[in-house]
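Enquirer: Just one file: protein_1.tsv, with TSV, C-alpha atoms.
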```tsv
chain	number	residue	atom	x	y	z
A	413	MET	CA	-68.71	18.56	15.00
A	414	ARG	CA	-67.75	15.85	12.52
A	415	ARG	CA	-71.24	14.36	12.79
A	416	ALA	CA	-72.79	17.77	12.05
A	417	LEU	CA	-70.57	18.29	9.04
A	418	SER	CA	-71.42	14.85	7.69
A	419	LEU	CA	-75.11	15.70	7.87
A	420	VAL	CA	-74.51	18.93	5.99
A	421	GLY	CA	-72.88	16.85	3.27
A	422	ILE	CA	-75.95	14.64	3.13
A	423	VAL	CA	-78.16	17.71	2.80
A	424	VAL	CA	-76.09	18.95	-0.13
A	425	ALA	CA	-76.13	15.54	-1.81
A	426	ALA	CA	-79.87	15.18	-1.29
A	427	ALA	CA	-80.53	18.58	-2.79
A	428	GLY	CA	-78.34	17.77	-5.77
A	429	ALA	CA	-80.07	14.47	-6.34
A	430	GLY	CA	-83.44	16.18	-6.22
A	431	GLY	CA	-85.16	13.05	-4.94
A	432	CYS	CA	-85.38	13.68	-1.21
A	433	ASN	CA	-88.09	16.31	-1.02
A	434	LEU	CA	-91.20	15.42	0.93
A	435	VAL	CA	-94.36	17.06	-0.34
A	436	ASP	CA	-96.13	18.78	2.55
A	437	SER	CA	-99.68	17.45	2.67
A	438	GLY	CA	-100.79	19.40	5.73
A	439	THR	CA	-98.32	18.52	8.48
A	440	ASN	CA	-99.03	19.51	12.08
A	441	LEU	CA	-96.01	21.38	13.45
A	442	VAL	CA	-97.35	21.43	17.01
A	443	ASN	CA	-97.68	17.64	17.02
A	444	GLY	CA	-94.28	17.41	15.35
A	445	LYS	CA	-92.67	19.41	18.14
A	446	GLU	CA	-94.42	17.37	20.84
A	447	GLN	CA	-93.39	14.09	19.23
A	448	PHE	CA	-89.82	15.29	18.72
A	449	ILE	CA	-89.44	16.30	22.36
A	450	ALA	CA	-90.91	13.05	23.65
A	451	ASN	CA	-89.13	10.64	21.34
A	452	CYS	CA	-86.01	12.37	20.00
A	453	GLY	CA	-85.03	15.02	22.54
A	454	SER	CA	-82.96	12.65	24.68
A	455	CYS	CA	-80.50	12.26	21.78
A	456	HIS	CA	-80.49	15.59	19.94
A	457	VAL	CA	-79.88	19.27	20.57
A	458	LEU	CA	-82.61	21.41	19.03
A	459	THR	CA	-82.69	24.83	20.66
A	460	ARG	CA	-86.20	25.85	19.64
A	461	ALA	CA	-87.57	22.64	21.14
A	462	GLY	CA	-85.50	23.08	24.31
A	463	THR	CA	-83.83	19.66	23.96
A	464	THR	CA	-80.23	19.01	24.95
A	465	GLY	CA	-79.47	15.37	24.09
A	466	VAL	CA	-75.86	14.59	23.19
A	467	THR	CA	-75.81	10.99	21.89
A	468	GLY	CA	-77.03	11.99	18.42
A	469	PRO	CA	-76.14	14.83	16.05
A	470	ASN	CA	-76.72	18.44	17.13
A	471	LEU	CA	-79.49	19.31	14.68
A	472	ASP	CA	-78.92	23.05	14.91
A	473	ALA	CA	-75.28	22.64	13.99
A	474	ALA	CA	-76.14	20.10	11.28
A	475	PHE	CA	-78.55	22.35	9.39
A	476	GLU	CA	-77.33	25.86	10.16
A	477	ARG	CA	-74.72	25.96	7.37
A	478	ALA	CA	-77.08	24.46	4.79
A	479	ARG	CA	-79.77	26.98	5.77
A	480	ARG	CA	-77.30	29.85	5.34
A	481	ASP	CA	-76.29	28.44	1.97
A	482	GLY	CA	-79.87	28.70	0.77
A	483	PHE	CA	-81.13	25.12	0.90
A	484	GLY	CA	-84.88	25.05	1.40
A	485	GLU	CA	-86.87	23.54	4.23
A	486	SER	CA	-88.48	21.03	1.88
A	487	THR	CA	-85.03	19.53	1.37
A	488	PHE	CA	-84.46	19.36	5.13
A	489	GLU	CA	-87.90	17.84	5.63
A	490	GLY	CA	-87.26	15.13	3.09
A	491	LEU	CA	-83.88	14.30	4.60
A	492	VAL	CA	-85.21	14.06	8.16
A	493	TYR	CA	-88.15	11.94	7.06
A	494	ALA	CA	-85.81	9.59	5.19
A	495	GLN	CA	-83.61	9.23	8.31
A	496	ILE	CA	-86.67	8.42	10.45
A	497	ASP	CA	-88.13	6.03	7.90
A	498	SER	CA	-84.87	4.16	7.22
A	499	PRO	CA	-82.37	4.87	10.02
A	500	ASN	CA	-78.75	3.88	9.58
A	501	ARG	CA	-78.25	0.50	11.29
A	502	ASN	CA	-74.44	0.73	11.33
A	503	PRO	CA	-73.16	2.76	14.29
A	504	SER	CA	-70.57	5.40	13.58
A	505	VAL	CA	-67.58	5.91	15.86
A	506	ASP	CA	-67.08	8.99	18.00
A	507	PRO	CA	-63.62	10.26	16.99
A	508	ALA	CA	-63.06	11.74	20.44
A	509	THR	CA	-63.66	8.53	22.41
A	510	GLY	CA	-63.41	5.70	19.86
A	511	ARG	CA	-66.74	4.35	21.09
A	512	ASP	CA	-69.72	3.41	18.94
A	513	GLU	CA	-72.35	6.13	18.90
A	514	ALA	CA	-76.01	5.45	19.55
A	515	VAL	CA	-78.05	4.08	16.66
A	516	MET	CA	-81.48	5.63	16.10
A	517	PRO	CA	-84.18	3.03	16.82
A	518	ALA	CA	-86.44	1.92	14.00
A	519	ASP	CA	-90.04	3.17	14.10
A	520	ILE	CA	-89.26	5.80	16.73
A	521	VAL	CA	-92.16	7.70	15.20
A	522	THR	CA	-94.29	6.49	12.32
A	523	GLY	CA	-96.97	7.58	9.87
A	524	GLU	CA	-98.26	11.12	10.21
A	525	ASP	CA	-96.23	11.60	13.42
A	526	ALA	CA	-93.04	10.97	11.43
A	527	GLU	CA	-94.13	13.48	8.78
A	528	ASP	CA	-94.94	16.03	11.48
A	529	VAL	CA	-91.54	15.54	13.19
A	530	ALA	CA	-89.73	15.96	9.87
A	531	ALA	CA	-91.66	19.15	9.14
A	532	TYR	CA	-90.97	20.62	12.58
A	533	VAL	CA	-87.24	19.84	12.51
A	534	ALA	CA	-87.04	21.33	9.03
A	535	ALA	CA	-88.74	24.50	10.26
A	536	ALA	CA	-86.72	24.84	13.46
A	537	ALA	CA	-83.20	23.39	13.11
A	538	GLY	CA	-80.45	25.96	12.77
A	539	LYS	CA	-82.92	28.86	12.81
A	540	PRO	CA	-82.23	31.74	15.24
A	541	GLY	CA	-84.93	32.97	17.60
A	542	GLU	CA	-87.77	31.24	19.39
A	543	ASP	CA	-90.96	29.52	18.35
A	544	THR	CA	-94.06	31.70	18.36
A	545	GLY	CA	-97.82	31.23	18.57
A	546	ARG	CA	-99.05	27.75	19.48
A	547	LEU	CA	-95.56	26.32	19.02
A	548	ALA	CA	-94.30	28.55	21.83
A	549	GLN	CA	-96.66	26.78	24.23
A	550	VAL	CA	-94.87	23.46	23.63
A	551	GLY	CA	-91.42	22.89	25.10
A	552	ALA	CA	-89.16	20.40	26.82
A	553	ALA	CA	-89.72	20.08	30.55
A	554	GLN	CA	-87.30	22.02	32.72
A	555	ALA	CA	-86.20	20.91	36.16
A	556	GLU	CA	-87.06	23.38	38.90
A	557	GLY	CA	-87.61	23.52	42.62
A	558	THR	CA	-86.37	21.29	45.42
A	559	ALA	CA	-87.38	17.71	46.23
A	560	GLU	CA	-87.59	17.13	49.99
A	561	ALA	CA	-87.41	13.75	51.66
A	562	GLU	CA	-90.38	12.68	53.78
A	563	GLY	CA	-90.49	9.64	56.03
A	564	GLY	CA	-87.14	8.38	54.76
A	565	VAL	CA	-88.22	8.55	51.11
A	566	LEU	CA	-87.01	11.04	48.50
A	567	GLU	CA	-88.96	11.11	45.24
A	568	ILE	CA	-87.45	12.68	42.10
A	569	PRO	CA	-89.69	11.91	39.10
A	570	ALA	CA	-88.34	11.85	35.55
A	571	THR	CA	-90.54	14.21	33.54
A	572	GLY	CA	-88.82	14.75	30.19
A	573	ALA	CA	-86.42	13.39	27.63
A	574	THR	CA	-83.45	14.50	29.74
A	575	ASN	CA	-85.06	16.06	32.79
A	576	TYR	CA	-86.11	15.31	36.32
A	577	GLU	CA	-88.97	17.27	37.86
A	578	PHE	CA	-86.69	18.85	40.46
A	579	ALA	CA	-83.45	20.77	40.03
A	580	GLU	CA	-82.12	19.90	43.51
A	581	ALA	CA	-82.96	17.82	46.56
A	582	THR	CA	-82.54	17.75	50.33
A	583	ALA	CA	-82.69	14.92	52.87
A	584	PRO	CA	-81.75	14.22	56.48
A	585	ALA	CA	-78.72	12.04	57.18
A	586	GLY	CA	-79.27	8.32	57.57
A	587	SER	CA	-81.04	5.60	55.66
A	588	LEU	CA	-82.82	6.91	52.58
A	589	THR	CA	-84.89	5.41	49.76
A	590	ILE	CA	-84.65	7.42	46.55
A	591	ARG	CA	-87.41	6.77	44.01
A	592	SER	CA	-87.70	8.07	40.47
A	593	PRO	CA	-91.04	7.30	38.79
A	594	ASN	CA	-90.76	7.49	35.02
A	595	GLU	CA	-93.92	8.45	33.12
A	596	THR	CA	-92.05	9.37	29.94
A	597	PRO	CA	-91.46	7.23	26.83
A	598	THR	CA	-87.69	7.60	27.35
A	599	GLU	CA	-85.84	5.14	29.61
A	600	HIS	CA	-84.30	6.68	32.75
A	601	ASN	CA	-82.92	5.74	36.15
A	602	ILE	CA	-81.81	7.37	39.39
A	603	ALA	CA	-78.22	7.28	40.63
A	604	VAL	CA	-76.34	9.00	43.45
A	605	GLU	CA	-72.66	9.68	43.95
A	606	GLY	CA	-70.47	11.55	46.41
A	607	GLY	CA	-68.87	10.98	49.80
A	608	GLY	CA	-67.84	7.45	48.86
A	609	VAL	CA	-71.36	6.58	47.69
A	610	ASP	CA	-71.91	5.32	44.13
A	611	GLU	CA	-75.32	3.73	43.68
A	612	LEU	CA	-77.15	3.10	40.41
A	613	GLY	CA	-80.85	2.30	40.18
A	614	PRO	CA	-82.31	0.12	37.43
A	615	VAL	CA	-83.06	1.73	34.09
A	616	VAL	CA	-86.83	1.71	33.65
A	617	GLY	CA	-89.34	2.57	30.97
A	618	GLU	CA	-92.64	4.35	31.02
A	619	GLY	CA	-94.80	3.50	34.03
A	620	ASP	CA	-92.00	1.98	36.14
A	621	VAL	CA	-89.91	3.27	39.06
A	622	SER	CA	-86.14	3.31	39.49
A	623	GLU	CA	-85.22	2.96	43.17
A	624	ILE	CA	-82.10	2.81	45.32
A	625	GLN	CA	-81.39	2.43	49.03
A	626	VAL	CA	-78.55	4.50	50.46
A	627	ASP	CA	-77.13	5.43	53.86
A	628	LEU	CA	-75.90	9.02	53.67
A	629	GLU	CA	-73.73	11.08	55.99
A	630	PRO	CA	-74.19	14.87	56.11
A	631	GLY	CA	-72.66	16.45	53.03
A	632	GLU	CA	-73.10	17.21	49.35
A	633	TYR	CA	-74.01	14.53	46.82
A	634	THR	CA	-75.20	14.45	43.20
A	635	PHE	CA	-78.23	12.64	41.83
A	636	TYR	CA	-78.27	11.88	38.12
A	637	CYS	CA	-79.46	9.61	35.32
A	638	SER	CA	-76.77	7.15	34.19
A	639	VAL	CA	-78.34	6.39	30.80
A	640	GLU	CA	-75.78	7.28	28.14
A	641	GLY	CA	-75.84	10.99	27.32
A	642	HIS	CA	-78.55	11.97	29.79
A	643	ARG	CA	-76.32	13.33	32.52
A	644	GLU	CA	-74.24	15.18	29.94
A	645	ALA	CA	-77.47	16.72	28.67
A	646	GLY	CA	-78.22	18.12	32.13
A	647	MET	CA	-80.09	15.34	33.91
A	648	GLU	CA	-78.43	15.82	37.30
A	649	GLY	CA	-78.70	17.95	40.41
A	650	PRO	CA	-77.24	18.51	43.87
A	651	LEU	CA	-78.46	16.51	46.86
A	652	THR	CA	-77.82	18.19	50.20
A	653	VAL	CA	-77.86	15.93	53.26
A	654	GLU	CA	-77.98	17.57	56.68
```
Show this structure as structure tokens.
Expert:
Amino acid sequence: MRRALSLVGIVVAAAGAGGCNLVDSGTNLVNGKEQFIANCGSCHVLTRAGTTGVTGPNLDAAFERARRDGFGESTFEGLVYAQIDSPNRNPSVDPATGRDEAVMPADIVTGEDAEDVAAYVAAAAGKPGEDTGRLAQVGAAQAEGTAEAEGGVLEIPATGATNYEFAEATAPAGSLTIRSPNETPTEHNIAVEGGGVDELGPVVGEGDVSEIQVDLEPGEYTFYCSVEGHREAGMEGPLTVE
């Protein structure tokens, strides 16, 4: 909450200064939403985009008050663009844990993509309802269905900023290889815990595979991504071993 309130203060200051507005020269909101989901969704909550990241500010909470107070979207757009263009390099401290919070990487999106992301966040953050038209056809991937082990191998691909392809998994008892191909631009891994098992696979980037070898007794386990904030954002599921 403190992070959200601090962003509201920045919005107010930016509006008062009058120098943070970005002139819209024909931004592409559909591309902005796609780029936001792919590159920013693992860190930020933005309901209209379907993202649930927790290591960065909740953008809905950050802009909702300022939107109610009458600040315009051009102000929001300029602020978001400025944050993307020149991110803060000094990590703030989470008051609840005392740990340094994640720092937004430089050049996470650039050029027209950065302008499009800023325009989409400005149009969507803190706004009730759902996207419509072409924007409604773009959304964060949602885990669904059951992954089933075959030939001693269980494959659970990472398919989104904080999502696996499958919501749950099943496997027979015994030796098991669990693979998680990652075709997303966000780093992920595969990990399993439960029944005395606690195995973490390597964190991998786009095009690589995180893999672990486990020996499981019948019972209930949990698979998850151990990258900071990903499990908390929902990147986990039950693994039933029979």
Enquirer: As an exercise, work out the distance from atom CA of A:Glu654 to atom CA of A:Ser592 in Å and give it to one decimal place.
Expert: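 Distance between the two atoms: 21.2 Å.
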Enquirer: Using all atoms listed in the file, which residue out of A:Ala526, A:Ala461, A:Ala585, A:Val604 lies closest to A:Asp543?
Expert: A:Ala461
Enquirer: Compare A:Ile520, A:Ala570, A:Val533, A:Cys452 by their minimum atom-to-atom distance to A:Glu648, counting all atoms listed in the file, and give me the closest one.
Expert: A:Ala570
Enquirer: Just to confirm, what's the straight-line distance from atom CA of A:Ala534 to atom CA of A:Thr463 in Å (one decimal)?
Expert: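 For atom CA of A:Ala534 relative to atom CA of A:Thr463, the distance reads 15.4 Å.
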Enquirer: Box for stretch 574-577 of chain A: with edges along x, y and z, all listed atoms inside and 3 Å added on each side, what are the centre and edge lengths in Å to one decimal, as AutoDock Vina command-line options?
Expert:
```
--center_x -86.2 --center_y 15.9 --center_z 33.8 --size_x 11.5 --size_y 8.8 --size_z 14.1
```
Enquirer: Return the single residue from A:Ala514, A:Val492, A:Cys455, A:Val626 that is closest to A:Thr598, with distances computed using only C-alpha atoms.
Expert: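 Among the listed residues, A:Cys455 lies closest to A:Thr598.
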Enquirer: As a list of chain:residue names, please: the residues near A:Gly608 (cut-off 12 Å, all atoms listed in the file, same-chain neighbours under 2 positions excluded).
Expert: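 Answer for this query is A:Val604, A:Glu605, A:Gly606, A:Asp610, A:Glu611, A:Val626, A:Asp627, A:Leu628, A:Glu629, A:Gly631, A:Glu632, A:Tyr633, A:Thr634.
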Enquirer: Please, what distance in Å, to one decimal, runs between atom CA of A:Val466 and atom CA of A:Ala450?
Expert: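 Computing the Euclidean distance for atom CA of A:Val466 and atom CA of A:Ala450 yields 15.1 Å.
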